[in-house]
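Source file: structure06.tsv; contents: TSV, C-alpha atoms.
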```
chain	number	residue	atom	x	y	z
A	546	MET	CA	-12.32	-4.49	-24.87
A	547	LYS	CA	-9.25	-3.03	-23.18
A	548	LYS	CA	-7.42	-5.09	-20.53
A	549	GLU	CA	-7.15	-3.42	-17.13
A	550	LEU	CA	-3.69	-2.52	-15.84
A	551	GLU	CA	-2.58	-0.68	-12.72
A	552	LEU	CA	0.50	1.56	-12.73
A	553	TYR	CA	2.84	2.11	-9.79
A	554	LEU	CA	5.61	4.75	-9.89
A	555	HIS	CA	8.30	4.72	-7.21
A	556	ILE	CA	9.99	7.91	-6.01
A	557	PRO	CA	12.77	6.71	-3.68
A	558	PHE	CA	13.72	10.02	-2.09
A	559	CYS	CA	12.93	11.53	1.30
A	560	VAL	CA	14.11	14.39	3.47
A	561	SER	CA	15.44	11.96	6.06
A	562	LYS	CA	14.93	8.27	6.73
A	563	CYS	CA	12.43	7.38	9.47
A	564	LYS	CA	13.81	5.13	12.20
A	565	TYR	CA	11.43	2.25	11.39
A	566	CYS	CA	11.56	2.40	7.58
A	567	ASP	CA	13.06	-0.40	5.48
A	568	PHE	CA	11.57	0.79	2.16
A	569	LEU	CA	13.81	1.62	-0.77
A	570	SER	CA	14.32	5.30	0.00
A	571	ALA	CA	17.09	7.70	0.93
A	572	PRO	CA	17.88	11.41	1.26
A	573	SER	CA	19.04	13.02	-1.98
A	574	GLY	CA	20.14	16.22	-3.66
A	575	GLU	CA	18.29	18.20	-6.30
A	576	GLU	CA	20.60	17.05	-9.10
A	577	GLN	CA	20.16	13.40	-8.18
A	578	ARG	CA	16.36	13.76	-8.12
A	579	GLN	CA	16.32	15.43	-11.53
A	580	ILE	CA	18.45	12.70	-13.09
A	581	TYR	CA	16.14	10.11	-11.59
A	582	VAL	CA	13.02	11.84	-12.93
A	583	GLU	CA	14.50	11.96	-16.43
A	584	ARG	CA	15.35	8.26	-16.32
A	585	LEU	CA	11.94	7.39	-14.94
A	586	CYS	CA	10.31	9.29	-17.80
A	587	ARG	CA	12.43	7.36	-20.30
A	588	ARG	CA	11.31	4.13	-18.64
A	589	ILE	CA	7.67	5.21	-18.90
A	590	ARG	CA	8.05	5.96	-22.62
A	591	TYR	CA	9.86	2.66	-23.17
A	592	TRP	CA	6.70	0.83	-22.07
A	593	SER	CA	4.32	2.86	-24.24
A	594	ASP	CA	4.33	0.54	-27.26
A	595	VAL	CA	3.97	-2.57	-25.11
A	596	ILE	CA	0.93	-1.21	-23.31
A	597	HIS	CA	-0.75	-0.10	-26.54
A	598	ASN	CA	0.12	-3.21	-28.54
A	599	TYR	CA	-1.23	-5.58	-25.89
A	600	GLY	CA	-4.46	-3.64	-25.48
A	601	TYR	CA	-4.02	-2.44	-21.91
A	602	GLU	CA	-5.73	0.54	-20.30
A	603	ILE	CA	-4.50	2.14	-17.06
A	604	VAL	CA	-7.27	2.01	-14.46
A	605	SER	CA	-5.31	3.30	-11.45
A	606	ILE	CA	-2.01	5.04	-10.76
A	607	PHE	CA	-0.19	5.11	-7.43
A	608	VAL	CA	2.87	7.31	-6.92
A	609	GLY	CA	4.65	6.01	-3.82
A	610	GLY	CA	7.97	6.21	-2.11
A	611	GLY	CA	9.95	7.45	-0.35
A	612	THR	CA	8.30	10.81	-0.45
A	613	PRO	CA	6.86	11.75	-3.87
A	614	SER	CA	5.89	15.19	-2.52
A	615	ILE	CA	9.61	16.01	-2.29
A	616	LEU	CA	9.64	16.51	-6.08
A	617	THR	CA	9.25	20.03	-7.40
A	618	GLU	CA	6.17	21.10	-9.34
A	619	ALA	CA	8.20	20.91	-12.54
A	620	GLN	CA	9.46	17.41	-11.77
A	621	ILE	CA	6.07	15.88	-10.93
A	622	THR	CA	4.66	17.60	-14.02
A	623	GLN	CA	7.43	16.04	-16.10
A	624	VAL	CA	6.52	12.58	-14.79
A	625	PHE	CA	2.80	12.95	-15.41
A	626	GLU	CA	3.28	14.42	-18.86
A	627	ALA	CA	5.26	11.29	-19.75
A	628	VAL	CA	2.48	9.09	-18.31
A	629	HIS	CA	-0.30	10.86	-20.20
A	630	GLU	CA	1.69	10.88	-23.45
A	631	SER	CA	2.59	7.20	-23.17
A	632	PHE	CA	-0.42	5.35	-21.77
A	633	PRO	CA	-4.16	5.19	-22.37
A	634	ILE	CA	-5.73	6.15	-19.04
A	635	ARG	CA	-9.32	5.37	-18.16
A	636	GLU	CA	-11.37	8.52	-17.64
A	637	ASP	CA	-12.37	7.54	-14.10
A	638	ALA	CA	-8.94	6.24	-13.06
A	639	GLU	CA	-8.01	6.54	-9.40
A	640	ILE	CA	-4.71	8.47	-9.23
A	641	THR	CA	-3.00	8.57	-5.84
A	642	LEU	CA	0.09	10.44	-4.67
A	643	GLU	CA	1.75	9.82	-1.31
A	644	MET	CA	2.82	12.90	0.59
A	645	ASN	CA	4.64	13.74	3.79
A	646	PRO	CA	3.12	16.62	5.79
A	647	GLY	CA	6.64	17.81	6.52
A	648	THR	CA	7.35	18.68	2.88
A	649	ASP	CA	6.54	22.03	1.31
A	650	VAL	CA	3.33	21.26	-0.58
A	651	LYS	CA	1.04	24.31	-0.36
A	652	ASP	CA	1.83	25.51	-3.89
A	653	LYS	CA	2.09	21.95	-5.24
A	654	LEU	CA	-1.47	20.92	-4.36
A	655	PRO	CA	-3.17	22.91	-7.17
A	656	VAL	CA	-0.58	21.47	-9.58
A	657	TYR	CA	-1.43	17.94	-8.45
A	658	ARG	CA	-5.08	18.64	-9.23
A	659	GLU	CA	-4.24	19.98	-12.68
A	660	LEU	CA	-2.23	16.83	-13.42
A	661	GLY	CA	-5.26	14.64	-12.70
A	662	ILE	CA	-4.21	13.41	-9.25
A	663	ASN	CA	-7.50	12.82	-7.45
A	664	ARG	CA	-6.44	11.01	-4.27
A	665	LEU	CA	-3.83	11.89	-1.64
A	666	SER	CA	-2.28	9.52	0.89
A	667	MET	CA	-0.85	11.41	3.86
A	668	GLY	CA	1.62	9.75	6.22
A	669	LEU	CA	0.67	11.04	9.67
A	670	GLN	CA	1.37	7.94	11.87
A	671	SER	CA	0.44	9.64	15.16
A	672	ALA	CA	-1.24	12.76	16.52
A	673	ASP	CA	1.21	12.78	19.45
A	674	ASN	CA	4.27	14.90	18.72
A	675	GLU	CA	6.51	12.93	21.10
A	676	GLU	CA	5.59	9.72	19.27
A	677	LEU	CA	6.32	11.39	15.94
A	678	LYS	CA	9.72	12.48	17.23
A	679	CYS	CA	10.41	8.92	18.39
A	680	LEU	CA	9.61	7.62	14.88
A	681	GLY	CA	11.94	10.15	13.26
A	682	ARG	CA	9.12	11.90	11.38
A	683	ILE	CA	9.91	15.37	10.03
A	684	HIS	CA	6.52	16.89	10.87
A	685	THR	CA	4.28	17.64	13.82
A	686	TYR	CA	0.58	16.93	14.18
A	687	GLU	CA	-0.02	20.65	13.65
A	688	ASP	CA	1.88	20.48	10.35
A	689	PHE	CA	-0.40	17.65	9.27
A	690	ARG	CA	-3.54	19.61	10.21
A	691	GLN	CA	-2.36	22.55	8.12
A	692	VAL	CA	-1.53	20.42	5.07
A	693	TYR	CA	-4.83	18.55	5.41
A	694	GLN	CA	-6.69	21.88	5.37
A	695	TRP	CA	-4.75	23.06	2.32
A	696	ALA	CA	-5.60	19.82	0.53
A	697	ARG	CA	-9.30	20.30	1.18
A	698	GLU	CA	-9.10	23.93	0.05
A	699	ALA	CA	-7.36	22.76	-3.14
A	700	GLY	CA	-10.38	20.57	-3.89
A	701	PHE	CA	-9.24	17.08	-2.87
A	702	THR	CA	-12.25	14.97	-1.90
A	703	ASN	CA	-10.48	11.63	-1.49
A	704	ILE	CA	-7.77	11.57	1.19
A	705	ASN	CA	-6.16	8.67	3.03
A	706	VAL	CA	-4.34	9.06	6.35
A	707	ASP	CA	-1.74	6.49	7.47
A	708	LEU	CA	-1.62	5.68	11.18
A	709	MET	CA	0.65	3.44	13.23
A	710	SER	CA	0.16	1.56	16.48
A	711	ALA	CA	2.58	-0.18	18.87
A	712	ILE	CA	5.00	2.77	18.72
A	713	PRO	CA	7.64	2.87	21.50
A	714	GLY	CA	6.16	4.65	24.49
A	715	GLN	CA	2.66	4.68	23.01
A	716	THR	CA	-0.26	3.92	25.33
A	717	LEU	CA	-3.72	2.67	24.49
A	718	GLU	CA	-5.06	6.08	25.50
A	719	SER	CA	-2.69	8.04	23.25
A	720	TYR	CA	-3.50	5.73	20.32
A	721	GLU	CA	-7.24	6.14	20.85
A	722	ASP	CA	-6.70	9.91	20.95
A	723	THR	CA	-4.93	9.71	17.57
A	724	LEU	CA	-7.78	7.69	16.08
A	725	ARG	CA	-10.42	10.14	17.25
A	726	LYS	CA	-8.50	13.25	16.21
A	727	VAL	CA	-8.04	11.88	12.70
A	728	ALA	CA	-11.58	10.53	12.38
A	729	ASP	CA	-12.93	13.93	13.46
A	730	LEU	CA	-11.33	15.36	10.31
A	731	GLU	CA	-13.38	12.92	8.19
A	732	PRO	CA	-10.80	11.67	5.70
A	733	GLU	CA	-12.33	9.23	3.26
A	734	HIS	CA	-9.86	6.45	4.07
A	735	ILE	CA	-7.65	5.45	7.01
A	736	SER	CA	-4.84	2.87	6.93
A	737	ALA	CA	-3.88	1.66	10.40
A	738	TYR	CA	-0.83	-0.56	10.67
A	739	SER	CA	1.05	-1.98	13.63
A	740	LEU	CA	4.75	-1.15	13.84
A	741	ILE	CA	6.98	-3.96	12.59
A	742	ILE	CA	10.60	-3.94	13.69
A	743	GLU	CA	12.50	-4.53	10.44
A	744	GLU	CA	16.13	-5.59	10.13
A	745	GLY	CA	18.51	-2.93	8.88
A	746	THR	CA	16.69	-0.06	10.59
A	747	PRO	CA	17.65	2.02	13.64
A	748	PHE	CA	14.64	0.55	15.42
A	749	TYR	CA	16.00	-2.95	14.87
A	750	GLU	CA	19.31	-1.93	16.41
A	751	ARG	CA	17.44	-0.87	19.54
A	752	TYR	CA	14.43	-3.21	19.67
A	753	GLY	CA	15.33	-6.20	17.53
A	754	GLU	CA	15.54	-9.68	19.10
A	755	GLY	CA	13.64	-8.54	22.18
A	756	ARG	CA	15.95	-5.73	23.20
A	757	HIS	CA	14.37	-2.94	25.30
A	758	ALA	CA	10.99	-4.68	25.11
A	759	GLU	CA	9.82	-2.65	28.10
A	760	GLU	CA	9.69	0.44	25.84
A	761	LEU	CA	7.17	-1.17	23.47
A	762	PRO	CA	3.48	-1.82	24.13
A	763	ASN	CA	3.08	-5.45	25.21
A	764	GLU	CA	1.11	-7.99	23.19
A	765	ASP	CA	-2.05	-7.45	25.23
A	766	ILE	CA	-1.96	-3.68	24.70
A	767	GLU	CA	-1.15	-4.15	21.00
A	768	ARG	CA	-4.15	-6.46	20.65
A	769	GLN	CA	-6.37	-3.90	22.40
A	770	MET	CA	-5.13	-1.22	20.00
A	771	TYR	CA	-6.14	-3.39	17.06
A	772	VAL	CA	-9.61	-4.05	18.47
A	773	ARG	CA	-10.18	-0.41	19.38
A	774	THR	CA	-9.19	0.67	15.87
A	775	GLY	CA	-12.16	-1.18	14.43
A	776	GLU	CA	-14.56	-0.14	17.18
A	777	ILE	CA	-13.70	3.56	17.14
A	778	LEU	CA	-13.59	3.91	13.36
A	779	GLU	CA	-16.88	2.04	13.02
A	780	ASP	CA	-18.43	4.64	15.32
A	781	TYR	CA	-17.24	7.30	12.88
A	782	GLY	CA	-18.76	5.58	9.84
A	783	TYR	CA	-15.72	3.69	8.51
A	784	HIS	CA	-15.88	0.04	7.53
A	785	ARG	CA	-12.93	-2.31	7.47
A	786	TYR	CA	-12.54	-3.84	4.02
A	787	GLU	CA	-9.03	-5.25	4.45
A	788	ILE	CA	-7.05	-6.36	7.49
A	789	SER	CA	-5.55	-2.89	8.09
A	790	ASN	CA	-7.65	-0.58	5.90
A	791	TYR	CA	-10.84	1.33	6.64
A	792	ALA	CA	-12.97	3.49	4.36
A	793	LYS	CA	-16.13	5.48	4.04
A	794	ASP	CA	-18.57	3.77	1.68
A	795	GLY	CA	-17.33	3.97	-1.89
A	796	TYR	CA	-13.82	5.13	-0.97
A	797	GLU	CA	-11.98	1.81	-0.74
A	798	CYS	CA	-8.55	2.14	-2.38
A	799	ARG	CA	-9.12	0.66	-5.84
A	800	HIS	CA	-5.39	0.39	-6.54
A	801	ASN	CA	-4.68	-1.70	-3.44
A	802	LEU	CA	-7.77	-3.83	-4.02
A	803	GLY	CA	-6.22	-4.61	-7.40
A	804	TYR	CA	-3.15	-6.04	-5.67
A	805	TRP	CA	-5.26	-8.25	-3.40
A	806	ASP	CA	-7.37	-9.36	-6.37
A	807	ARG	CA	-4.21	-10.12	-8.39
A	808	LYS	CA	-4.99	-7.58	-11.08
A	809	GLU	CA	-2.10	-7.03	-13.50
A	810	TYR	CA	0.13	-4.09	-12.67
A	811	LEU	CA	3.24	-2.39	-14.02
A	812	GLY	CA	5.74	-0.96	-11.53
A	813	LEU	CA	8.29	1.58	-12.74
A	814	GLY	CA	11.06	3.18	-10.73
A	815	ALA	CA	13.78	1.76	-8.53
A	816	GLY	CA	12.82	-1.56	-6.95
A	817	ALA	CA	9.22	-1.45	-8.23
A	818	SER	CA	7.52	-4.81	-8.84
A	819	SER	CA	5.25	-5.85	-11.72
A	820	LEU	CA	2.79	-8.63	-12.53
A	821	MET	CA	1.85	-9.09	-16.18
A	822	ASP	CA	1.01	-12.15	-18.27
A	823	HIS	CA	1.71	-14.57	-15.37
A	824	ILE	CA	5.21	-13.10	-14.86
A	825	ARG	CA	6.53	-11.20	-11.84
A	826	TRP	CA	9.64	-9.05	-11.94
A	827	LYS	CA	11.16	-6.05	-10.24
A	828	GLU	CA	13.16	-3.08	-11.40
A	829	PRO	CA	16.81	-2.80	-10.27
A	830	ASP	CA	17.48	-0.92	-7.07
A	831	HIS	CA	21.19	-0.22	-7.40
A	832	ILE	CA	22.44	3.12	-6.08
A	833	GLY	CA	24.99	4.90	-8.24
A	834	PRO	CA	27.56	7.35	-6.89
A	835	SER	CA	26.26	10.36	-8.81
A	836	THR	CA	23.30	9.45	-10.96
A	837	GLY	CA	21.15	7.92	-8.25
A	838	LEU	CA	19.17	4.77	-8.79
A	839	VAL	CA	19.71	2.92	-12.05
A	840	LEU	CA	16.59	2.31	-14.15
A	841	GLU	CA	17.74	0.65	-17.33
A	842	GLU	CA	16.92	-3.06	-17.16
A	843	ARG	CA	14.43	-5.38	-15.53
A	844	GLU	CA	15.56	-8.20	-13.30
A	845	ASP	CA	14.28	-11.00	-11.06
A	846	PHE	CA	11.87	-12.51	-13.59
A	847	THR	CA	9.62	-15.24	-12.23
A	848	ARG	CA	7.09	-17.04	-14.40
A	849	LEU	CA	4.37	-18.02	-12.00
A	850	ARG	CA	3.32	-21.64	-11.91
A	851	ARG	CA	-0.35	-22.54	-11.57
A	852	LYS	CA	0.38	-23.53	-7.96
A	853	ASP	CA	1.92	-20.09	-7.27
A	854	GLU	CA	-1.13	-18.31	-8.63
A	855	MET	CA	-3.50	-20.44	-6.58
A	856	GLU	CA	-1.53	-19.64	-3.41
A	857	GLU	CA	-1.56	-15.94	-4.21
A	858	PHE	CA	-5.30	-16.05	-4.91
A	859	MET	CA	-5.83	-17.43	-1.40
A	860	PHE	CA	-3.39	-15.54	0.82
A	861	LEU	CA	-3.83	-12.20	-0.93
A	862	GLY	CA	-7.59	-12.50	-1.38
A	863	LEU	CA	-8.19	-13.51	2.23
A	864	ARG	CA	-6.70	-10.19	3.38
A	865	LYS	CA	-10.01	-8.68	2.24
A	866	ILE	CA	-12.73	-8.75	4.87
A	867	ASN	CA	-15.21	-10.32	2.42
A	868	GLY	CA	-12.67	-13.02	1.59
A	869	VAL	CA	-12.46	-15.04	-1.63
A	870	SER	CA	-15.04	-16.48	-3.98
A	871	GLU	CA	-15.07	-20.21	-4.70
A	872	TYR	CA	-16.64	-19.47	-8.07
A	873	ASP	CA	-13.86	-17.03	-8.97
A	874	PHE	CA	-11.28	-19.63	-7.96
A	875	TYR	CA	-12.88	-22.19	-10.25
A	876	LYS	CA	-13.21	-19.66	-13.07
A	877	SER	CA	-9.50	-18.84	-12.78
A	878	PHE	CA	-8.11	-22.36	-12.42
A	879	ARG	CA	-10.83	-24.77	-13.64
A	880	VAL	CA	-10.62	-26.75	-10.44
A	881	SER	CA	-12.56	-26.42	-7.19
A	882	MET	CA	-11.01	-24.77	-4.15
A	883	ASP	CA	-11.73	-27.88	-2.09
A	884	GLU	CA	-9.85	-30.09	-4.51
A	885	ILE	CA	-6.67	-28.12	-3.76
A	886	TYR	CA	-7.15	-26.74	-0.25
A	887	LYS	CA	-9.88	-28.83	1.42
A	888	GLU	CA	-7.69	-29.98	4.32
A	889	SER	CA	-6.34	-26.49	5.05
A	890	ILE	CA	-9.81	-24.94	4.85
A	891	GLU	CA	-11.39	-27.55	7.11
A	892	ASN	CA	-8.60	-27.29	9.69
A	893	LEU	CA	-8.83	-23.48	9.80
A	894	ILE	CA	-12.62	-23.64	10.11
A	895	LYS	CA	-12.24	-26.05	13.05
A	896	GLU	CA	-9.74	-23.66	14.65
A	897	GLY	CA	-12.24	-20.83	14.27
A	898	LEU	CA	-10.02	-18.87	11.89
A	899	LEU	CA	-12.08	-19.29	8.69
A	900	VAL	CA	-15.78	-19.31	7.95
A	901	ARG	CA	-17.58	-20.52	4.83
A	902	GLU	CA	-20.64	-18.54	3.78
A	903	GLU	CA	-22.37	-19.62	0.57
A	904	ASP	CA	-19.84	-18.97	-2.22
A	905	ARG	CA	-17.25	-17.19	-0.07
A	906	ILE	CA	-14.55	-18.10	2.42
A	907	ARG	CA	-13.27	-15.39	4.75
A	908	LEU	CA	-11.25	-14.92	7.91
A	909	THR	CA	-13.13	-14.68	11.19
A	910	ASP	CA	-12.24	-11.93	13.66
A	911	ARG	CA	-9.93	-14.41	15.36
A	912	GLY	CA	-8.50	-15.35	11.97
A	913	ILE	CA	-7.73	-11.71	11.26
A	914	ASP	CA	-6.00	-11.49	14.63
A	915	LEU	CA	-3.90	-14.54	13.69
A	916	SER	CA	-3.74	-13.68	9.99
A	917	ASN	CA	-0.03	-14.42	9.55
A	918	TYR	CA	-0.59	-17.98	10.70
A	919	ALA	CA	-3.91	-18.44	8.90
A	920	LEU	CA	-2.73	-17.12	5.52
A	921	SER	CA	0.49	-19.12	5.67
A	922	GLN	CA	-1.55	-22.32	5.59
A	923	PHE	CA	-2.21	-21.79	1.88
A	924	LEU	CA	1.50	-21.84	0.97
A	925	LEU	CA	1.12	-25.54	0.25
A	926	GLY	CA	1.87	-27.89	-2.59
A	927	GLU	CA	-0.82	-28.75	-5.11
```

For this file, produce the structure as structure tokens.
Amino acid sequence: MKKELELYLHIPFCVSKCKYCDFLSAPSGEEQRQIYVERLCRRIRYWSDVIHNYGYEIVSIFVGGGTPSILTEAQITQVFEAVHESFPIREDAEITLEMNPGTDVKDKLPVYRELGINRLSMGLQSADNEELKCLGRIHTYEDFRQVYQWAREAGFTNINVDLMSAIPGQTLESYEDTLRKVADLEPEHISAYSLIIEEGTPFYERYGEGRHAEELPNEDIERQMYVRTGEILEDYGYHRYEISNYAKDGYECRHNLGYWDRKEYLGLGAGASSLMDHIRWKEPDHIGPSTGLVLEEREDFTRLRRKDEMEEFMFLGLRKINGVSEYDFYKSFRVSMDEIYKESIENLIKEGLLVREEDRIRLTDRGIDLSNYALSQFLLGE
């Protein structure tokens, strides 16, 4: 029986960098992108023998960035031809490509379908054009509506839309309007994240360390936005299956669930991370003066200790709304969850952040609200 493996491909290019973004991405020229694609394809082929020899089968593919939709039809075809030539791919694999509604994609959508891409993830963030301008997005809400329509006409039946709350100047009313406008379109999946002010970004220069706090929604408004996300999307038939992710029944993102379930995955492309055979590593993310991002050697190897894997099982698995299974923990580590984490579990239950139901432990609504604190309690020694 084949072993399941997820594949992530990183495309680190974008038209312009959003003001909040700290991902590995940057504007680029056509020559730089082509060189990168050729090196990425070589990296894909390098892994072909390893994947076949160890009996892996690709069960999901996620092409992220950056902005993968910035690549030309020929370039994305080149990448997927290398993937299909190099790896055994399960017939029902979920294959996702991220796209920015501000890129020219009308003629690319049929090509994506021909290449086997069956899920799109569209970065909208807001239905308010002033909020989009504040974020440094290159599209309007109207651009998104047009691209969404083209995607449906091209035959895509599994679409995710990314949304953001706590944007500077955003009100609870404008955020609720965004939620309803997007839910009215009936995408199969919605990811709704709160803005995080990251170091090294233009937003950090303005808002970091409490600067200009009056321009940001306060904690009470931010909390109301989070609560209203669940309430409004539930009214539209979405269920929350992870702290920030909502889906119609049967349309949960299988690739991301694999991360939270600690499924093995191979990440290729600048800065991409991998987890295989109890080892984590990431690809280099150096930027060269003319050839772009170097993709020749792996780095940052970490062989995970049993303690590390137990911690990951807990703090990743508890991101899921249905939590973690005590039986699965025992099956993985041959020791009971209570033997390792009894004190942490009992304390969090007393604080109202965790609940134990038969075989499962999960975050309560309050625990989800305080998830950073709750999940950190499992970063403990064995």

Contacts of region 668-675 of chain A at 7 Å (all atoms listed in the file; same-chain gap of 5+ positions) as a PyMOL selection string: chain A and resi 644-645+685-686+689+706-709+723

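The gap separating CA of Ile640 (chain A) from CA of Asn598 (chain A) is 23.1 Å, in Å to one decimal.
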
From A:Ser916, A:Asn801, A:Gln579, A:Ser818, residue lying nearest Glu639 (chain A) [all atoms listed in the file]: A:Asn801

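You can rank A:Ile906, A:Gly753, A:Glu891, A:Leu920 by their closest distance to Val869 (chain A) using only C-alpha atoms, and at the top of that list sits A:Ile906.
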
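The spacing separating CA of Glu549 (chain A) from CA of Glu602 (chain A) amounts to 5.3 Å.
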
Atomic separation - CA of Ile742 (chain A) relative to CA of Asn763 (chain A), Å: 13.8 Å

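For the set A:Tyr565, A:Trp805, A:Tyr886, A:Tyr875, the residue with the smallest atom-to-atom gap to Pro747 (chain A) is A:Tyr565, counting all atoms listed in the file.
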
Assuming 3 Å of padding per side, give the centre and edge lengths of the axis-aligned box around every listed atom of region 774-786 of chain A, in Å to one decimal and as AutoDock Vina command-line options.
```
--center_x -14.0 --center_y 1.7 --center_z 10.6 --size_x 15.6 --size_y 17.1 --size_z 19.2
```

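Taking all atoms listed in the file into account, Arg587 (chain A) lies nearest to A:Leu813 out of the set A:Leu813, A:Ile712, A:Val656, A:Cys566.
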
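Restricting the calculation to only C-alpha atoms, the smallest distance between Leu654 (chain A) and any of A:Met821, A:Gly681, A:Ala696, A:Glu626 is found for A:Ala696.
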
Ref. answer, residues at most 8 Å from (-4.4, -23.1, 3.1) with only C-alpha atoms, as a list in words: Glu856, Met859, Phe860, Tyr886, Glu888, Ser889, Ile890, Ala919, Leu920, Ser921, Gln922, Phe923, Leu924 and Leu925 of chain A

Residues within 12 Å of Ile741 (chain A), all atoms listed in the file, excluding chain neighbours under 2 positions, as a list in words: Lys564, Tyr565, Cys566, Asp567, Met709, Ser710, Ala711, Ile712, Pro713, Tyr738, Ser739, Glu743, Glu744, Thr746, Phe748, Tyr749, Tyr752, Gly753, Leu761 and Glu767 of chain A

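Excluding Glu809 (chain A) itself and same-chain residues fewer than 5 positions from it, the residues having an atom within 8 Å of it are Glu549, Leu550, Glu551, Gly803, Tyr804, Ser819, Leu820, Met821 and Asp822 of chain A, counting all atoms listed in the file.
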
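Proximity to Ile621 (chain A) at 9 Å, evaluated using all atoms listed in the file and with sequence-adjacent residues fewer than 3 positions away removed, yields Val582, Pro613, Ser614, Leu616, Thr617, Glu618, Val624, Phe625, Glu626, Val656, Tyr657 and Leu660 of chain A.
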
Close residues, Ser870 (chain A) itself excluded, 12 Å, all atoms listed in the file, min 5 positions apart in chain, as a list in words: Asp806, Phe858, Met859, Gly862, Leu863, Lys865, Tyr875, Lys876, Ser877, Ser881, Met882, Arg901, Glu902, Glu903, Asp904, Arg905, Ile906 and Arg907 of chain A

Point (-6.2, -6.8, 7.4), cut-off 7 Å, counting all atoms listed in the file, residues as a ChimeraX atom specification: /A:787-790,864-865,913

Among listed residues A:Val604, A:Ile766, A:Glu636, A:Gly795, nearest Gly782 (chain A) (using all atoms listed in the file): A:Gly795
